[in-house]
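Student: Here you go, this is run_14.cif (mmCIF, C-alpha atoms).
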data_model
loop_
_atom_site.label_atom_id
_atom_site.label_comp_id
_atom_site.auth_asym_id
_atom_site.auth_seq_id
_atom_site.Cartn_x
_atom_site.Cartn_y
_atom_site.Cartn_z
CA ASP A 1 22.72 6.45 -8.85
CA CYS A 2 21.15 3.44 -7.08
CA LEU A 3 23.94 3.53 -4.46
CA ALA A 4 23.60 7.29 -3.88
CA THR A 5 19.80 7.20 -3.70
CA THR A 6 19.76 4.25 -1.27
CA LEU A 7 22.35 5.85 1.01
CA ARG A 8 20.52 9.18 0.95
CA SER A 9 17.05 7.81 1.70
CA GLU A 10 17.85 4.77 3.88
CA GLY A 11 21.40 5.21 5.17
CA CYS A 12 24.17 2.60 5.30
CA LEU A 13 21.88 -0.02 6.79
CA GLY A 14 19.75 0.17 3.66
CA MET A 15 22.62 -1.47 1.77
CA TYR A 16 22.34 -4.55 3.99
CA ARG A 17 18.62 -5.22 3.73
CA GLY A 18 17.99 -8.92 3.20
CA ALA A 19 21.39 -9.89 4.71
CA ALA A 20 19.78 -12.13 7.36
CA VAL A 21 17.83 -14.01 4.70
CA ASN A 22 21.03 -14.45 2.69
CA LEU A 23 22.95 -15.72 5.73
CA THR A 24 20.19 -18.16 6.64
CA LEU A 25 19.37 -19.55 3.20
CA VAL A 26 22.43 -19.08 0.95
CA THR A 27 24.33 -21.77 2.89
CA PRO A 28 21.88 -24.63 2.21
CA GLU A 29 21.31 -23.33 -1.32
CA LYS A 30 25.02 -23.58 -2.18
CA ALA A 31 25.32 -26.92 -0.35
CA ILE A 32 22.48 -28.37 -2.43
CA LYS A 33 23.81 -26.87 -5.67
CA LEU A 34 27.40 -28.10 -5.30
CA ALA A 35 26.52 -31.51 -3.85
CA ALA A 36 23.80 -32.17 -6.46
CA ASN A 37 26.20 -31.29 -9.30
CA ASP A 38 28.82 -33.67 -7.91
CA TYR A 39 26.22 -36.43 -7.48
CA PHE A 40 24.95 -36.11 -11.05
CA ARG A 41 28.50 -35.94 -12.45
CA HIS A 42 29.43 -39.19 -10.68
CA LEU A 43 26.15 -40.79 -11.76
CA LEU A 44 26.69 -39.88 -15.41
CA ALA A 45 30.34 -41.04 -15.37
CA ARG A 46 29.64 -44.52 -13.98
CA ASP A 47 29.45 -46.20 -17.38
CA GLY A 48 33.14 -45.55 -17.95
CA MET A 49 32.62 -43.26 -20.94
CA GLY A 50 33.74 -40.21 -19.02
CA LEU A 51 32.15 -36.79 -18.75
CA THR A 52 31.58 -35.10 -22.07
CA ILE A 53 30.48 -31.46 -22.18
CA PRO A 54 26.82 -32.44 -22.84
CA ARG A 55 26.93 -34.72 -19.79
CA GLU A 56 28.43 -31.96 -17.67
CA MET A 57 25.62 -29.68 -18.84
CA VAL A 58 23.01 -32.30 -17.86
CA ALA A 59 24.62 -32.54 -14.41
CA GLY A 60 24.45 -28.76 -14.09
CA CYS A 61 20.80 -28.86 -15.15
CA GLY A 62 20.07 -31.33 -12.34
CA ALA A 63 21.88 -29.15 -9.80
CA GLY A 64 19.99 -26.03 -10.89
CA THR A 65 16.67 -27.86 -10.63
CA CYS A 66 17.40 -29.18 -7.12
CA GLN A 67 18.48 -25.84 -5.67
CA VAL A 68 15.20 -24.00 -6.38
CA ILE A 69 13.69 -25.74 -3.34
CA ILE A 70 15.64 -23.21 -1.28
CA THR A 71 16.34 -20.50 -3.86
CA THR A 72 12.75 -19.49 -4.65
CA PRO A 73 11.63 -18.70 -1.05
CA MET A 74 15.00 -17.04 -0.34
CA GLU A 75 14.78 -14.80 -3.40
CA MET A 76 11.12 -14.05 -2.70
CA LEU A 77 11.83 -12.79 0.84
CA LYS A 78 15.11 -11.09 -0.08
CA ILE A 79 13.54 -9.08 -2.89
CA GLN A 80 10.73 -7.79 -0.63
CA LEU A 81 13.24 -6.73 2.05
CA GLN A 82 15.60 -5.05 -0.39
CA ASP A 83 12.74 -3.28 -2.18
CA ALA A 84 10.85 -2.19 0.93
CA GLY A 85 12.76 1.05 1.41
CA ARG A 86 12.30 2.27 -2.16
CA VAL A 87 8.58 1.48 -2.28
CA ALA A 88 7.91 2.89 1.20
CA THR A 89 9.67 6.14 0.30
CA GLN A 90 7.59 6.55 -2.86
CA GLN A 91 4.34 5.67 -1.15
CA LEU A 92 4.95 7.84 1.91
CA ALA A 93 5.50 10.78 -0.41
CA ARG A 94 2.15 10.10 -2.06
CA GLY A 95 0.27 9.03 1.06
CA VAL A 96 -0.38 5.52 -0.29
CA ARG A 97 -0.38 2.31 1.77
CA SER A 98 2.37 -0.20 1.02
CA TYR A 99 2.13 -4.00 0.87
CA ASN A 100 -0.11 -4.62 3.85
CA LEU A 101 1.69 -6.29 6.71
CA GLY A 102 -0.15 -4.44 9.45
CA PRO A 103 -1.38 -0.97 10.38
CA ALA A 104 2.11 0.40 10.87
CA ALA A 105 3.45 -0.95 7.56
CA LEU A 106 4.71 2.43 6.43
CA ALA A 107 6.17 3.40 9.79
CA ARG A 108 8.29 0.25 10.13
CA ARG A 109 9.76 -1.82 7.36
CA PRO A 110 8.58 -5.46 7.30
CA SER A 111 10.91 -8.22 8.47
CA ALA A 112 11.47 -11.49 6.64
CA THR A 113 9.38 -13.28 9.29
CA GLN A 114 6.46 -10.88 8.82
CA ILE A 115 6.55 -11.29 5.04
CA ALA A 116 6.77 -15.09 5.29
CA VAL A 117 3.90 -15.28 7.82
CA GLU A 118 1.69 -12.98 5.73
CA LEU A 119 2.39 -14.95 2.55
CA LEU A 120 1.64 -18.25 4.29
CA ARG A 121 -1.55 -16.82 5.81
CA THR A 122 -2.93 -15.34 2.60
CA GLN A 123 -1.54 -17.63 -0.11
CA GLY A 124 -0.26 -20.74 1.62
CA VAL A 125 3.04 -22.41 0.76
CA LYS A 126 2.63 -21.47 -2.91
CA GLY A 127 3.02 -17.80 -1.89
CA LEU A 128 6.67 -18.48 -0.99
CA TYR A 129 7.15 -20.12 -4.38
CA LYS A 130 5.78 -17.26 -6.45
CA GLY A 131 8.06 -16.92 -9.48
CA LEU A 132 9.13 -20.59 -9.35
CA GLY A 133 9.00 -20.88 -13.15
CA ALA A 134 11.11 -17.75 -13.61
CA THR A 135 13.59 -18.98 -10.98
CA LEU A 136 13.95 -22.28 -12.84
CA LEU A 137 14.34 -20.31 -16.07
CA ARG A 138 17.30 -18.48 -14.51
CA ASP A 139 18.98 -21.12 -12.34
CA ILE A 140 18.95 -24.08 -14.74
CA PRO A 141 20.75 -22.19 -17.59
CA PHE A 142 23.09 -20.65 -14.99
CA SER A 143 24.15 -24.09 -13.72
CA ILE A 144 24.37 -25.49 -17.26
CA ILE A 145 26.87 -22.73 -18.11
CA TYR A 146 28.66 -22.41 -14.77
CA PHE A 147 29.61 -25.96 -13.79
CA PRO A 148 31.12 -27.17 -17.10
CA LEU A 149 32.94 -23.85 -17.54
CA PHE A 150 34.34 -23.96 -14.00
CA ALA A 151 35.40 -27.61 -14.36
CA HIS A 152 37.34 -26.88 -17.56
CA LEU A 153 38.93 -23.67 -16.26
CA ASN A 154 39.86 -25.37 -12.99
CA ARG A 155 41.34 -28.37 -14.85
CA VAL A 156 43.86 -26.05 -16.54
CA GLY A 157 45.49 -25.48 -13.15
CA GLN A 158 45.74 -29.16 -12.16
CA ASP A 159 49.18 -30.78 -12.29
CA THR A 160 47.68 -34.25 -12.71
CA LEU A 161 44.24 -35.61 -13.60
CA GLU A 162 43.55 -36.53 -9.97
CA GLY A 163 45.35 -33.57 -8.41
CA ARG A 164 43.87 -30.35 -7.09
CA ALA A 165 44.37 -26.95 -8.67
CA PRO A 166 46.06 -24.28 -6.52
CA PHE A 167 43.84 -22.21 -4.23
CA HIS A 168 44.16 -19.03 -6.29
CA HIS A 169 43.45 -20.85 -9.55
CA SER A 170 40.21 -22.42 -8.26
CA PHE A 171 39.14 -19.06 -6.90
CA LEU A 172 39.76 -17.29 -10.21
CA ALA A 173 38.05 -20.12 -12.12
CA GLY A 174 34.98 -19.73 -9.90
CA CYS A 175 34.98 -15.95 -10.37
CA VAL A 176 35.25 -16.11 -14.16
CA ALA A 177 32.71 -18.91 -14.56
CA GLY A 178 30.30 -17.20 -12.15
CA SER A 179 30.57 -13.86 -13.95
CA VAL A 180 30.02 -15.37 -17.41
CA ALA A 181 27.02 -17.41 -16.24
CA ALA A 182 25.51 -14.49 -14.29
CA VAL A 183 25.64 -12.08 -17.23
CA SER A 184 24.36 -14.74 -19.63
CA VAL A 185 21.18 -15.37 -17.62
CA ASN A 186 20.63 -11.76 -16.51
CA PRO A 187 17.51 -11.34 -18.71
CA CYS A 188 15.90 -14.24 -16.84
CA ASP A 189 16.90 -12.63 -13.53
CA VAL A 190 15.23 -9.34 -14.54
CA ILE A 191 11.99 -11.18 -15.33
CA LYS A 192 12.17 -13.18 -12.08
CA THR A 193 12.68 -10.05 -9.97
CA ARG A 194 9.78 -8.22 -11.61
CA LEU A 195 7.46 -11.18 -11.04
CA GLN A 196 8.48 -11.64 -7.40
CA SER A 197 8.11 -7.98 -6.38
CA LEU A 198 4.92 -7.84 -4.32
CA SER A 199 5.07 -4.13 -3.51
CA LYS A 200 4.66 -1.90 -6.53
CA GLY A 201 5.94 1.65 -6.63
CA THR A 202 4.43 4.55 -8.50
CA ASN A 203 3.48 3.71 -12.11
CA GLU A 204 4.86 0.17 -11.81
CA GLU A 205 3.03 -2.63 -13.60
CA SER A 206 1.76 -6.04 -12.55
CA TYR A 207 2.44 -9.02 -14.78
CA THR A 208 0.41 -12.15 -15.44
CA GLY A 209 3.34 -14.42 -16.19
CA ILE A 210 6.78 -14.86 -17.71
CA ALA A 211 5.73 -14.23 -21.31
CA ASP A 212 3.64 -11.17 -20.40
CA CYS A 213 6.49 -9.74 -18.31
CA ALA A 214 9.08 -10.28 -21.07
CA ARG A 215 6.78 -8.77 -23.71
CA ARG A 216 6.00 -5.63 -21.69
CA ILE A 217 9.65 -5.04 -20.78
CA TRP A 218 10.66 -5.41 -24.44
CA LEU A 219 7.94 -3.06 -25.72
CA LYS A 220 8.14 -0.36 -23.02
CA GLU A 221 11.81 -0.38 -21.99
CA GLY A 222 13.60 -1.91 -24.93
CA PRO A 223 16.05 -4.84 -25.18
CA SER A 224 18.64 -3.09 -22.98
CA ALA A 225 16.29 -3.45 -19.97
CA PHE A 226 17.08 -7.16 -19.87
CA LEU A 227 20.70 -6.34 -19.01
CA LYS A 228 19.84 -4.03 -16.10
CA GLY A 229 21.92 -4.96 -13.06
CA ALA A 230 24.21 -7.27 -15.04
CA GLY A 231 27.34 -5.50 -13.78
CA CYS A 232 26.26 -5.61 -10.14
CA ARG A 233 25.17 -9.22 -10.48
CA ALA A 234 28.55 -10.20 -11.93
CA LEU A 235 30.32 -8.34 -9.09
CA VAL A 236 28.28 -10.30 -6.54
CA ILE A 237 28.33 -13.71 -8.17
CA ALA A 238 32.06 -13.73 -9.01
CA PRO A 239 33.45 -13.65 -5.44
CA LEU A 240 30.47 -15.61 -4.10
CA PHE A 241 31.11 -18.61 -6.34
CA GLY A 242 34.88 -18.17 -6.22
CA ILE A 243 34.87 -18.45 -2.41
CA ALA A 244 32.18 -21.17 -2.26
CA GLN A 245 33.91 -23.31 -4.87
CA VAL A 246 37.32 -23.03 -3.20
CA ILE A 247 35.91 -23.93 0.22
CA TYR A 248 34.15 -26.90 -1.34
CA PHE A 249 37.18 -28.11 -3.29
CA ILE A 250 39.73 -27.85 -0.48
CA GLY A 251 37.50 -30.09 1.66
CA VAL A 252 36.55 -27.85 4.59
CA GLY A 253 33.31 -29.83 4.99
CA GLU A 254 35.16 -33.15 5.08
CA PHE A 255 37.61 -31.75 7.65
CA LEU A 256 34.79 -30.53 9.93
CA LEU A 257 32.79 -33.76 9.65
CA ARG A 258 35.74 -36.15 10.04
CA PRO A 259 35.60 -36.28 13.87
CA CYS A 260 31.88 -37.18 13.66
CA SER A 261 32.50 -40.05 11.23
CA GLN A 262 35.36 -41.66 13.19
CA PRO A 263 34.38 -44.43 15.65
CA HIS A 264 34.90 -43.59 19.32
#
Let's see the structure in the file written out as structure tokens.
Tutor:
Amino acid sequence: DCLATTLRSEGCLGMYRGAAVNLTLVTPEKAIKLAANDYFRHLLARDGMGLTIPREMVAGCGAGTCQVIITTPMEMLKIQLQDAGRVATQQLARGVRSYNLGPAALARRPSATQIAVELLRTQGVKGLYKGLGATLLRDIPFSIIYFPLFAHLNRVGQDTLEGRAPFHHSFLAGCVAGSVAAVSVNPCDVIKTRLQSLSKGTNEESYTGIADCARRIWLKEGPSAFLKGAGCRALVIAPLFGIAQVIYFIGVGEFLLRPCSQPH
């Protein structure tokens, strides 16, 4: 229904709203997430006692905490861009002004730059970090689940302790681990999205915080509301982390940076 409605009201381009923000910010987000996890894993394994599951979970917690520096502004801008078409359609039908980014806000959909400038002008840097607590609530449990699960699934495909798993095995391990982690933290993602939506459609509520948002969703929409979008999220996260993890593990970054590190 979401697919059909978006295509009908906004066309094919409506399916790609927020793509520029993703392209610009997903790269450093994944770089921080993967590198931070590796750093914390090495740090925790230095005492020679190895990496137990609790230690792997602590490393994932550190990675999830570090990545929100990029994740929160990216999600904030992406949500506004992806939601602009739906809200504008509702408000045009009712003759109501949308989130104010200028006199022609309804005639032209806002860009990521316009949203960022308006947030910085009206709310300062903290405007870009609206929903930081909810983002931490989602990303820290995600990383705590994802990284240990991926490491153990990937280890099954390794011939030796120091060897690398085959390409297809690492990809499938990333897909499975990403899907499990994404569905597990979907309730936190629902809360985060509600809190970060600046433009409200017809009859939509405003929330004062994480607890208020969770309580209202539970009372008015029921427990099943916390699993809304879980299927789509799993479909997105699975290939995203499968591809990112494979590229990271086969050493594409090392290959590209090798010429820069060699002395002339």
Student: Excluding A:Leu13 and its own-chain neighbours fewer than 5 positions away, which residues fall within 12 Å of it when counting all atoms listed in the file? Please give them as a list in words.
Tutor: Leu3, Thr6, Leu7, Arg8, Gly18, Ala19, Leu81, Gln82 and Gly85 of chain A
Student: Residues at most 7 Å from stretch 143-155 of chain A, counting all atoms listed in the file, excluding those fewer than 4 positions away in the same chain, as a list in words?
Tutor: Ile53, Glu56, Met57, Val58, Gly60, Cys61, Ala63, Gly64, Asp139, Ala165, His169, Ser170, Ala173, Gly174, Ala177, Gly178 and Ala181 of chain A
Student: My list of candidates is A:Ala31, A:Leu51, A:Leu43, A:Val190. Which is closest to A:Thr71 when distances are computed with all atoms listed in the file?
Tutor: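 Between A:Ala31, A:Leu51, A:Leu43, A:Val190, the residue approaching A:Thr71 most closely is A:Ala31.
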Student: Using all atoms listed in the file for the distances, tell me which of A:Val21, A:Ala112, A:Val68, A:Met49 is nearest to A:Ala36.
Tutor: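 Closest to A:Ala36, using all atoms listed in the file: A:Val68.
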Student: Fewer than 4 positions away in the same chain doesn't count, so skip those; otherwise give me all residues within 12 Å of A:Ala134, counting all atoms listed in the file, as a list in words.
Tutor: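 Counting all atoms listed in the file, the residues come to Thr65, Val68, Thr71, Thr72, Glu75, Met76, Tyr129, Lys130, Arg138, Asp139, Ile140, Pro141, Val185, Asn186, Pro187, Cys188, Asp189, Val190, Ile191, Lys192, Thr193, Arg194, Leu195, Gln196, Gly209, Ile210, Ala211, Cys213 and Ala214 of chain A.
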Student: Return the single residue from A:Thr113, A:Phe226, A:Ala234, A:Leu172 that is closest to A:Val246, with distances computed using all atoms listed in the file.
Tutor: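 Checking each candidate against A:Val246, we get A:Leu172 as the closest.
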Student: Of the candidates A:Ile70, A:Ile79, A:Arg41, A:Glu205, which one gets nearest to A:Ile217 if we count all atoms listed in the file?
Tutor: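 Smallest separation from A:Ile217 among the options: A:Glu205.
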Student: Go ahead and compute the interatomic distance for atom CA of A:Arg216 and atom CA of A:Asp1, in Å to one decimal.
Tutor: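 About the pair atom CA of A:Arg216 and atom CA of A:Asp1: they are 24.3 Å apart.
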Student: Tell me, in Å to one decimal, how far atom CA of A:Gly231 is from atom CA of A:Ser179.
Tutor: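 Atom CA of A:Ser179 lies at a distance of 9.0 Å from atom CA of A:Gly231.
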Student: Between atom CA of A:Lys126 and atom CA of A:Lys228, what is the spacing in Å?
Tutor: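 Atom CA of A:Lys228 sits 27.8 Å away from atom CA of A:Lys126.
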Student: Quick one: which residues end up in the PyMOL selection byres ((chain A and resi 119) around 12) for this structure, as a list in words?
Tutor: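 Selection result, ordered by chain and number: Pro73, Met76, Leu77, Gln80, Tyr99, Asn100, Leu101, Ala112, Thr113, Gln114, Ile115, Ala116, Val117, Glu118, Leu120, Arg121, Thr122, Gln123, Gly124, Val125, Lys126, Gly127, Leu128, Tyr129, Lys130 and Leu198 of chain A.
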Student: Could you list, as a VMD selection string, every residue within 12 Å of A:Ala4, counting only C-alpha atoms and ignoring same-chain residues fewer than 6 positions away?
Tutor: chain A and resid 10 to 12 14 to 15
